[in-house]
Structures are given as C-alpha cells and as structure tokens.
$ cat coords_33.cif   # mmCIF, C-alpha atoms
data_structure
loop_
_atom_site.label_atom_id
_atom_site.label_comp_id
_atom_site.auth_asym_id
_atom_site.auth_seq_id
_atom_site.Cartn_x
_atom_site.Cartn_y
_atom_site.Cartn_z
CA MET A 1 64.06 -31.27 0.34
CA SER A 2 63.10 -30.13 -3.17
CA LEU A 3 64.57 -27.14 -4.96
CA THR A 4 61.30 -25.29 -4.60
CA ASP A 5 61.30 -25.78 -0.84
CA GLU A 6 64.81 -24.34 -0.65
CA LEU A 7 63.65 -21.43 -2.73
CA VAL A 8 60.71 -20.89 -0.40
CA LYS A 9 63.02 -20.83 2.61
CA LYS A 10 65.17 -18.21 0.92
CA CYS A 11 62.03 -16.20 0.18
CA LEU A 12 61.14 -16.40 3.86
CA ASN A 13 64.49 -14.70 4.52
CA LYS A 14 63.38 -11.91 2.16
CA GLU A 15 66.00 -12.65 -0.47
CA PRO A 16 64.99 -10.69 -3.60
CA ALA A 17 66.78 -13.03 -6.00
CA ALA A 18 64.90 -16.02 -4.61
CA GLN A 19 61.58 -14.19 -4.86
CA LYS A 20 62.22 -13.39 -8.51
CA GLU A 21 63.22 -16.98 -9.22
CA LEU A 22 60.02 -18.24 -7.59
CA TYR A 23 58.02 -15.81 -9.71
CA LYS A 24 59.73 -17.10 -12.86
CA GLN A 25 58.85 -20.68 -11.97
CA LEU A 26 55.21 -20.02 -11.19
CA ASN A 27 53.96 -17.03 -13.19
CA GLY A 28 53.12 -19.05 -16.35
CA LYS A 29 50.96 -21.60 -14.55
CA LEU A 30 49.21 -19.05 -12.36
CA PHE A 31 48.57 -16.68 -15.24
CA ALA A 32 46.96 -19.54 -17.19
CA ILE A 33 44.60 -20.09 -14.24
CA CYS A 34 43.68 -16.41 -14.19
CA LEU A 35 42.95 -16.43 -17.94
CA ARG A 36 40.49 -19.31 -17.51
CA TYR A 37 38.27 -17.19 -15.25
CA THR A 38 38.11 -14.07 -17.40
CA LYS A 39 38.37 -13.08 -21.00
CA ASN A 40 39.71 -9.68 -19.92
CA ARG A 41 43.51 -9.95 -20.01
CA ALA A 42 44.03 -6.82 -17.91
CA GLU A 43 41.82 -8.27 -15.18
CA ALA A 44 43.82 -11.51 -15.31
CA GLU A 45 47.07 -9.55 -14.90
CA ASP A 46 45.65 -7.76 -11.88
CA TRP A 47 44.66 -11.10 -10.33
CA LEU A 48 48.11 -12.52 -10.94
CA GLN A 49 49.82 -9.51 -9.41
CA GLU A 50 47.59 -9.53 -6.33
CA SER A 51 47.95 -13.30 -5.96
CA PHE A 52 51.74 -13.10 -5.94
CA ILE A 53 51.66 -10.36 -3.31
CA LYS A 54 49.43 -12.61 -1.20
CA ILE A 55 51.73 -15.57 -1.75
CA PHE A 56 54.83 -13.68 -0.63
CA SER A 57 53.13 -12.08 2.34
CA ASN A 58 51.65 -15.41 3.53
CA LEU A 59 54.68 -17.64 2.97
CA LYS A 60 54.94 -18.30 6.71
CA ALA A 61 51.63 -20.14 6.51
CA PHE A 62 53.11 -22.77 4.16
CA LYS A 63 53.89 -25.87 6.25
CA PHE A 64 56.18 -27.68 3.75
CA GLU A 65 53.79 -30.64 3.93
CA GLY A 66 52.22 -30.65 0.47
CA SER A 67 53.08 -29.31 -2.94
CA PHE A 68 54.07 -25.65 -2.91
CA GLU A 69 52.68 -25.19 -6.42
CA GLY A 70 49.33 -26.60 -5.32
CA TRP A 71 49.35 -24.16 -2.38
CA THR A 72 49.95 -21.20 -4.71
CA ARG A 73 47.23 -22.41 -7.09
CA ARG A 74 44.72 -22.51 -4.22
CA ILE A 75 45.66 -18.98 -3.14
CA THR A 76 45.21 -17.76 -6.71
CA VAL A 77 41.85 -19.47 -7.20
CA ASN A 78 40.58 -18.21 -3.83
CA HIS A 79 41.66 -14.69 -4.70
CA ILE A 80 39.88 -14.84 -8.06
CA LEU A 81 36.66 -16.13 -6.46
CA SER A 82 36.86 -13.46 -3.79
CA ASP A 83 37.25 -10.76 -6.41
CA LEU A 84 34.38 -12.14 -8.50
CA ARG A 85 32.16 -12.11 -5.43
CA LYS A 86 33.12 -8.49 -4.73
CA LYS A 87 32.24 -7.50 -8.28
CA THR A 88 29.00 -9.50 -8.04
CA LYS A 89 29.85 -11.23 -11.27
CA LEU A 90 29.24 -14.67 -9.87
CA LYS A 91 25.70 -15.41 -11.02
CA PHE A 92 24.36 -18.82 -11.86
CA THR A 93 22.37 -18.15 -15.03
CA ASP A 94 21.86 -20.19 -18.20
CA GLU A 95 22.59 -17.41 -20.67
CA LEU A 96 25.68 -17.76 -22.79
CA GLU A 97 28.11 -14.90 -23.10
CA GLU A 98 27.81 -12.74 -26.20
CA ASN A 99 28.85 -15.07 -28.97
CA THR A 100 32.19 -13.87 -30.16
CA LEU A 101 33.21 -17.20 -31.56
CA THR A 102 35.47 -16.74 -34.53
CA VAL A 103 37.71 -19.15 -36.36
CA GLU A 104 41.29 -18.45 -37.17
CA GLU A 105 42.27 -18.83 -40.82
CA ASP A 106 44.56 -21.74 -40.13
CA ALA A 107 42.16 -23.46 -37.80
CA HIS A 108 40.96 -26.99 -38.47
CA SER A 109 38.80 -29.32 -36.48
CA ASN A 110 41.50 -29.33 -33.84
CA PHE A 111 41.65 -26.89 -30.99
CA SER A 112 44.60 -25.15 -29.53
CA LYS A 113 44.83 -24.59 -25.78
CA GLU A 114 44.05 -20.92 -26.33
CA ASP A 115 40.88 -21.97 -28.16
CA LEU A 116 39.81 -24.10 -25.21
CA ILE A 117 40.35 -21.16 -22.86
CA ARG A 118 38.25 -19.02 -25.19
CA PHE A 119 35.46 -21.63 -25.16
CA ILE A 120 35.43 -21.75 -21.39
CA ASN A 121 35.19 -17.98 -21.27
CA LEU A 122 32.10 -18.10 -23.46
CA LEU A 123 30.23 -19.90 -20.66
CA PRO A 124 28.13 -17.92 -18.19
CA GLU A 125 30.09 -16.86 -15.11
CA GLY A 126 28.69 -19.43 -12.66
CA LYS A 127 29.06 -22.41 -15.03
CA LYS A 128 32.55 -21.31 -16.01
CA VAL A 129 33.65 -21.18 -12.37
CA VAL A 130 32.12 -24.57 -11.52
CA PHE A 131 33.60 -26.17 -14.63
CA ASN A 132 37.05 -24.77 -13.89
CA LEU A 133 36.94 -25.78 -10.24
CA TYR A 134 35.63 -29.31 -10.86
CA VAL A 135 37.29 -30.33 -14.12
CA ILE A 136 40.62 -28.46 -14.13
CA GLU A 137 41.35 -27.76 -10.44
CA GLY A 138 39.91 -31.05 -9.26
CA TYR A 139 37.66 -29.87 -6.42
CA SER A 140 34.67 -32.01 -5.41
CA HIS A 141 31.10 -30.73 -5.60
CA LYS A 142 31.04 -30.55 -1.80
CA GLU A 143 34.13 -28.34 -1.77
CA ILE A 144 32.75 -26.18 -4.59
CA GLY A 145 29.50 -25.78 -2.68
CA GLU A 146 31.42 -24.51 0.35
CA MET A 147 33.60 -22.22 -1.72
CA LEU A 148 30.71 -20.63 -3.59
CA ASN A 149 28.05 -20.89 -0.86
CA ILE A 150 25.82 -23.04 -3.03
CA ASN A 151 24.32 -26.54 -2.69
CA GLU A 152 26.11 -29.56 -4.04
CA GLY A 153 23.11 -30.13 -6.33
CA THR A 154 23.47 -26.65 -7.76
CA SER A 155 27.13 -27.33 -8.45
CA ARG A 156 26.30 -30.58 -10.23
CA GLY A 157 23.57 -28.90 -12.28
CA GLN A 158 25.85 -26.05 -13.28
CA LEU A 159 28.54 -28.51 -14.36
CA ALA A 160 26.11 -30.56 -16.48
CA LYS A 161 24.88 -27.44 -18.24
CA ALA A 162 28.44 -26.22 -18.74
CA ARG A 163 29.33 -29.48 -20.48
CA GLU A 164 26.27 -29.26 -22.74
CA GLN A 165 27.07 -25.70 -23.67
CA LEU A 166 30.69 -26.51 -24.40
CA ILE A 167 29.63 -29.28 -26.79
CA GLU A 168 27.35 -26.78 -28.49
CA ILE A 169 30.24 -24.35 -28.79
CA HIS A 170 32.46 -27.07 -30.25
CA LYS A 171 29.83 -27.92 -32.86
CA LYS A 172 29.35 -24.30 -33.76
CA TYR A 173 33.08 -23.84 -34.04
CA ASN A 174 33.43 -26.86 -36.33
CA LYS A 175 30.52 -25.72 -38.48
CA ILE A 176 32.10 -22.30 -39.03
CA ASN A 177 35.41 -23.98 -39.65
CA ALA A 178 33.93 -26.40 -42.21
CA GLU A 179 32.24 -23.55 -44.08
CA GLN A 180 35.51 -21.65 -44.26
CA ILE A 181 37.39 -24.69 -45.64
CA SER A 182 34.78 -25.42 -48.30
CA MET B 1 49.84 -29.13 -30.03
CA PRO B 2 46.40 -29.02 -31.63
CA ASN B 3 43.95 -31.63 -30.39
CA LYS B 4 40.76 -32.97 -31.85
CA TYR B 5 37.64 -32.12 -29.88
CA PRO B 6 35.88 -34.97 -28.01
CA GLU B 7 33.12 -36.87 -29.79
CA HIS B 8 31.15 -37.58 -26.57
CA ILE B 9 30.27 -35.50 -23.57
CA ASP B 10 31.87 -38.08 -21.28
CA GLN B 11 35.27 -37.43 -22.81
CA LEU B 12 34.96 -33.69 -22.35
CA ASP B 13 36.32 -33.50 -18.80
CA ASP B 14 39.40 -35.58 -19.53
CA PHE B 15 40.04 -33.68 -22.71
CA TYR B 16 39.97 -30.28 -21.01
CA LYS B 17 41.90 -31.46 -17.99
CA SER B 18 44.68 -33.02 -20.05
CA GLN B 19 44.95 -29.91 -22.17
CA LEU B 20 44.74 -27.19 -19.50
CA ALA B 21 45.92 -28.65 -16.19
CA ASP B 22 49.57 -27.84 -16.85
CA HIS B 23 48.99 -25.09 -19.34
CA GLU B 24 51.30 -22.09 -19.01
CA VAL B 25 50.96 -18.57 -20.37
CA ASP B 26 53.85 -16.21 -19.83
CA ALA B 27 52.90 -13.16 -17.87
CA PRO B 28 53.61 -9.81 -19.54
CA ASP B 29 56.98 -8.13 -19.03
CA GLY B 30 57.10 -5.61 -16.24
CA LEU B 31 54.61 -7.46 -14.06
CA TRP B 32 57.40 -8.58 -11.72
CA ASP B 33 58.33 -4.93 -11.08
CA LYS B 34 54.74 -4.20 -10.07
CA ILE B 35 54.65 -7.27 -7.82
CA ASN B 36 57.98 -6.36 -6.28
CA ALA B 37 56.81 -2.80 -5.60
CA GLY B 38 53.53 -4.06 -4.19
CA ASN B 39 55.37 -6.62 -2.09
CA HIS B 40 57.55 -3.90 -0.51
CA SER B 41 54.59 -1.68 0.26
CA ALA B 42 52.81 -4.66 1.78
CA LYS B 43 55.81 -5.29 4.05
CA LYS B 44 55.70 -1.75 5.36
CA MET B 45 52.10 -2.13 6.30
CA THR B 46 51.34 -3.31 9.81
CA PRO B 47 49.00 -6.27 10.32
CA SER B 48 46.15 -3.89 11.01
CA GLY B 49 46.54 -2.49 7.50
CA LEU B 50 48.05 0.85 8.52
CA SER B 51 51.61 1.96 8.00
CA THR B 52 53.68 3.24 10.93
CA ALA B 53 53.50 6.81 9.62
CA GLN B 54 49.72 6.60 9.36
CA LYS B 55 49.51 5.31 12.92
CA LEU B 56 51.71 8.13 14.23
CA ILE B 57 49.61 10.73 12.44
CA GLY B 58 46.49 9.17 13.89
CA ILE B 59 47.91 9.22 17.42
CA GLY B 60 48.96 12.88 16.94
CA VAL B 61 45.47 13.86 15.84
CA ILE B 62 43.93 12.06 18.83
CA VAL B 63 46.32 13.79 21.28
CA LEU B 64 45.60 17.20 19.77
CA GLY B 65 41.90 16.50 20.00
CA LEU B 66 42.20 15.56 23.66
CA ILE B 67 44.18 18.72 24.44
CA ALA B 68 41.62 20.88 22.65
CA GLY B 69 38.82 19.10 24.49
CA CYS B 70 40.45 19.61 27.89
CA TYR B 71 41.08 23.27 27.14
CA TYR B 72 37.46 23.74 26.12
CA ILE B 73 36.24 22.08 29.31
CA TYR B 74 38.60 24.25 31.39
CA ILE B 75 37.39 27.44 29.70
CA SER B 76 33.74 26.52 29.98
CA SER B 77 34.10 25.66 33.68
CA HIS B 78 35.71 29.08 34.40
CA PRO B 79 33.30 31.62 32.92
CA ASN B 80 34.97 34.52 34.83
CA ASN B 81 38.35 33.77 33.35
CA PRO B 82 39.72 37.17 32.34
CA SER B 83 41.51 35.61 29.40
CA LEU B 84 38.13 35.14 27.72
CA ASP B 85 37.35 38.86 27.61
CA ASN B 86 40.03 41.41 28.33
CA ASN B 87 37.55 44.32 28.29
CA LYS B 88 35.74 43.01 31.33
CA ILE B 89 37.00 44.11 34.73
CA PRO B 90 36.12 41.73 37.50
CA ALA B 91 33.25 42.94 39.63
CA THR B 92 35.23 42.41 42.83
CA ILE B 93 38.85 43.16 43.38
CA GLU B 94 40.34 40.71 45.77
CA GLN B 95 42.10 42.34 48.66
CA PRO B 96 44.97 40.53 50.26
CA VAL B 97 44.34 39.71 53.87
CA GLU B 98 46.95 41.50 55.93
CA GLU B 99 47.97 40.80 59.47
CA ASP B 100 47.80 44.35 60.72
CA THR B 101 45.76 47.40 59.94
CA HIS B 102 48.75 49.34 58.71
CA SER B 103 49.05 47.28 55.61
CA SER B 104 45.33 47.61 54.95
CA THR B 105 45.70 51.38 54.83
CA THR B 106 48.42 51.01 52.25
CA THR B 107 46.14 48.91 50.12
CA LYS B 108 43.59 51.63 50.42
CA LYS B 109 46.12 54.07 49.06
CA GLU B 110 46.95 51.73 46.25
CA ASN B 111 43.30 51.46 45.41
CA ASN B 112 43.09 55.21 45.24
CA ASN B 113 45.89 55.19 42.73
CA ILE B 114 44.00 52.85 40.42
CA THR B 115 43.19 54.84 37.36
CA PRO B 116 41.68 53.55 34.17
CA SER B 117 44.35 52.88 31.63
CA PRO B 118 43.91 54.30 28.16
CA GLU B 119 43.82 50.80 26.75
CA LYS B 120 41.05 49.58 29.00
CA LYS B 121 37.98 51.72 29.29
CA THR B 122 36.23 51.23 32.60
CA THR B 123 32.53 51.72 32.77
CA ASN B 124 30.70 53.81 35.38
CA LYS B 125 29.39 50.65 36.85
CA ASN B 126 32.87 49.32 37.53
CA SER B 127 34.09 52.56 39.09
CA SER B 128 31.12 52.66 41.39
CA LEU B 129 31.92 49.14 42.43
CA LEU B 130 35.46 50.19 43.32
CA LYS B 131 34.17 53.07 45.47
CA HIS B 132 31.75 50.76 47.18
CA GLN B 133 34.57 48.40 48.03
CA GLU B 134 36.68 51.20 49.47
CA GLU B 135 33.81 52.21 51.70
CA GLU B 136 33.41 48.69 52.87
CA GLN B 137 37.04 48.41 53.89
CA GLN B 138 36.93 51.23 56.46
CA PRO B 139 34.70 49.51 58.97
CA ILE B 140 36.96 46.50 58.66
CA GLU B 141 39.87 48.56 59.88
CA LYS B 142 37.90 49.84 62.84
CA THR B 143 36.66 46.49 63.91
CA ALA B 144 40.13 45.08 63.57
CA GLU B 145 41.61 47.77 65.79
CA GLU B 146 38.95 47.28 68.36
CA ASN B 147 39.40 43.59 68.34
CA GLN B 148 43.12 43.89 68.76
CA LYS B 149 42.65 45.95 71.85
CA GLU B 150 40.34 43.46 73.44
CA GLU B 151 41.61 40.02 72.54
CA PRO B 152 44.47 38.38 70.65
CA THR B 153 43.88 38.15 66.97
CA VAL B 154 44.13 35.07 64.92
CA ILE B 155 44.90 35.29 61.29
CA ASP B 156 42.33 33.53 59.25
CA ASN B 157 43.83 31.27 56.67
CA THR B 158 40.58 30.31 55.03
CA PRO B 159 40.54 30.42 51.24
CA LYS B 160 40.00 33.77 49.56
CA GLU B 161 36.81 32.65 47.90
CA GLU B 162 35.14 32.56 51.30
CA LEU B 163 36.45 35.99 52.08
CA LYS B 164 34.85 37.39 49.00
CA THR B 165 31.41 36.63 50.27
CA ASP B 166 31.97 38.20 53.67
CA SER B 167 34.75 40.75 53.80
CA THR B 168 34.24 41.47 57.50
CA ALA B 169 35.29 37.94 58.25
CA ALA B 170 38.79 38.69 57.12
CA ILE B 171 39.92 39.16 60.69
CA LYS B 172 38.23 36.85 63.07
CA THR B 173 38.24 37.25 66.77
CA VAL B 174 38.41 34.10 68.72
CA PRO B 175 37.82 33.97 72.44
CA LYS B 176 40.91 33.11 74.38
CA GLY B 177 39.44 30.11 76.08
CA LYS B 178 38.33 28.58 72.82
CA ILE B 179 41.78 28.40 71.24
CA LYS B 180 42.90 24.82 71.03
CA PHE B 181 46.52 23.88 70.59
CA LYS B 182 48.30 20.66 70.50
CA ASP B 183 49.80 19.67 73.82
CA LYS B 184 53.37 20.36 72.89
CA TYR B 185 52.51 23.97 71.97
CA LYS B 186 50.10 24.56 74.82
CA LYS B 187 52.70 25.41 77.43
CA GLU B 188 54.63 27.65 75.10
CA TYR B 189 51.47 29.53 74.28
CA GLN B 190 50.55 30.00 77.91
CA ASP B 191 54.01 31.39 78.68
CA SER B 192 53.87 33.82 75.83
CA THR B 193 50.39 35.10 76.73
CA SER B 194 51.35 35.73 80.34
CA LYS B 195 54.05 38.17 79.16
CA ILE B 196 51.82 40.10 76.76
CA PHE B 197 49.98 43.12 78.05
CA ILE B 198 46.35 42.66 77.35
CA PRO B 199 44.32 45.83 77.64
CA GLY B 200 41.20 45.45 79.71
CA LYS B 201 42.67 42.79 81.97
#
$ encode --input "coords_33.cif" --output "structure tokens"
Amino acid sequence: MSLTDELVKKCLNKEPAAQKELYKQLNGKLFAICLRYTKNRAEAEDWLQESFIKIFSNLKAFKFEGSFEGWTRRITVNHILSDLRKKTKLKFTDELEENTLTVEEDAHSNFSKEDLIRFINLLPEGKKVVFNLYVIEGYSHKEIGEMLNINEGTSRGQLAKAREQLIEIHKKYNKINAEQIS
Amino acid sequence: MPNKYPEHIDQLDDFYKSQLADHEVDAPDGLWDKINAGNHSAKKMTPSGLSTAQKLIGIGVIVLGLIAGCYYIYISSHPNNPSLDNNKIPATIEQPVEEDTHSSTTTKKENNNITPSPEKKTTNKNSSLLKHQEEEQQPIEKTAEENQKEEPTVIDNTPKEELKTDSTAAIKTVPKGKIKFKDKYKKEYQDSTSKIFIPGK
C-alpha cells in the first residue's frame, strides 16, 4: 500500500492532519489544471476549493484500484466542465480571445510553462477545453464527445483548429520577441 | 526551465504534454482554511442538501400549517360556534331534559331569572325568542303530567339535536305492550309493574 493510500484511509477517518497533508500533496497539480481552463485566477481558486470539497466528501467512492491522483484530477476536470456549462461559456467558435499577448523583457524564443498556459488561455473556450482534455489529460475523442455532448468529429475539428491557432500564437510571440531584441 | 517552441505542428502535442502534464502551481495561502471550513459545512449537510436544523424548521412549519388548517376546517364546519361571535346569542336555548315535571318548573324559574348582562346587549328579537320558548314549555309540562297518570314514562335518551326540532318529543309515551326488554330483565320488569299503582287500571 502506497503512502497516499494510507493518507486516504486516514482522511476517511476524518483525521484533520491527514486531510491537510493530502491537500499539500495535491494542491499544486490541481491548481495548475484549473489555471489551464481559465485566465481568471480567482475563478481558478474557486474551482480548486470546490474540487477539494468534492474530493473529501466523495472519498468513500475511491476504490483503491487506480491512481488516487488520477482520480482527483478527473474530479477536478469534471467540476470545471460542469461549471463552464453552467456559465454557458462552453461555445465552439473560431474566434480567438482578445489578443493580450505580451512579451516579458527577459523573454527569448523559449517559453516558460506559464507562457504555455497563457497561450492556451488565448484559444476560444471550446478549442481550449478540447486541447486540454486531449493533449494534456489524455482523453480520447470519443470520451471528449461524451463529456461535452459533441460528436467525435467536432472534437477532432476543434483540436486541429486549436493546434493551428497555437502555432499562430507562437509565431506572433516570436515576432514580437525578435522586434524587442533588435 | 525554458523550452524552445516546436518547429512543426506534429510536435506541438508532445511539447505541451511534456511541459504541462506534471506542472504545479502553488495555491494561494489561506485556501486550505476555506476548504476546511467548506468541508465542515458540507459534513453537516444531509445527503438531501439540507442541514438538520433546516429540516426541523421545515417540519415545524408543516405541523403548524396542518394545525391551522384543521382549526380553519373546524371553525368553518361549525358556523354557530359562539366563539366566532360573542355578541350573538343562540336563537334557541337548549333545555335539559328532566325526568320529572318538578325539575322543569325550576328551569322555568331559572329562565325567568335570565337578564341581559351589561356586557352583552340582547336584541328585542332574542328576548322575544326567549318568551316564545317559555310559552312552549308549559304545554310540555301538562302533557307530561297527563302521560304519567296514564302510562309509565320512558326517558328519551335521544340526542339533544333531535329534541331541538321537536320539543314536545322530550317525554315520549310508549305503550306498555310495546316495551321490549331483554329476557333477563323481562321478569324483573313484570314484577315491578305489578306492584306499581297505575291509575286508570
């Protein structure tokens, strides 16, 4: 039995110290997921908070069969998608977000992880979600179609356009960067 | 670690996945306190989404509503309830059914003593009703006396509501031969009647 599993069992017994320890182990990874689905940090914090409450209240549902971290990631992603549906933000359009692409003074042709998250957040809502689910979370198009109530073809199309737009964003970023260096 | 962006679109997925799959961003300080507080409030909630206190309040409101409803139905089904209007005096004053005529004369006296209290103003209509009732009671006495002379009397135990409609039926005369008793009382009754002096026989 792994350390995490032992921690989960202690959390099932409502031990506050174990709950805090579990939060410490997972908050960084789950917060990074939340930040990939919104550029609004306050919204990401709300998602993280609500996801942790769901995780602790549904611990009994964890069967100790797979990875506990994977289970928490799925809960977080499902919560984010549910909230996006409620806010009717999940639209599959081709328009890019308002271009707020700026280059840091010390930036070069290399990207930091924060830059990559910023690029993803420049994508339209639908493409961003499909890209995150397929490329980062590893869901198949069939699974994405079921999660978002769309066809597999729509998922594939959204992903292709997301890739194209990201390349465009990269080029734009490098162009601005090159001008600043020269 | 900074990374160079991919040259081709095919490399894009791997590039992003390798960079962001295990990426971590520390959550702001104080978020754990919010989660902990939210976690405790979630524990207090029942599966239906309501706390125990909320459920109790809900049950209390339902019970009060039911009581109020029952009371309303009771009031509406008893329009003559004096508690509704204290100024109204009932049109008929129920007279207790007495066994002998002596007691009925006392009730007559009591009725004569009924005077309107200063708190409750009686109308002329009500006083005339009282007089009318007194007049009606006199023939009852006579018929009762006459009946007692002729045949044994049987006290009528029918409900008072029936008596209201026909006051003369307060004392019923039943022919001797028509009285039916159970067998075990039959002999006792016959013995007792043989000892009683019956006028006219």
$ resolve_selection --input "coords_33.cif" --expression "the PyMOL selection byres ((chain A) within 7 of (chain B))" --output "number ranges by chain"
A: 27-29, 31-32, 49, 52-53, 109-113, 135-136, 163
$ resolve_selection --input "coords_33.cif" --expression "the PyMOL selection byres ((chain A and resi 126-133) around 10)" --output "ChimeraX atom specification"
/A:33,36-38,77,80-81,84,89-96,119-125,134-141,143-145,147-148,154-163,165 /B:13,16-17,20-21
$ residues_around --input "coords_33.cif" --residues "A:Ser67" --least-positions-apart "4" --cutoff "12 Å" --atoms "only C-alpha atoms" --output "ChimeraX atom specification"
/A:1-5,8,62-63,71-74
$ atom_distance --input "coords_33.cif" --atom1 "atom CA of A:Ala61" --atom2 "atom CA of A:Trp47"
20.3 Å
$ atom_distance --input "coords_33.cif" --atom1 "atom CA of A:Lys20" --atom2 "atom CA of A:Ala44"
19.7 Å
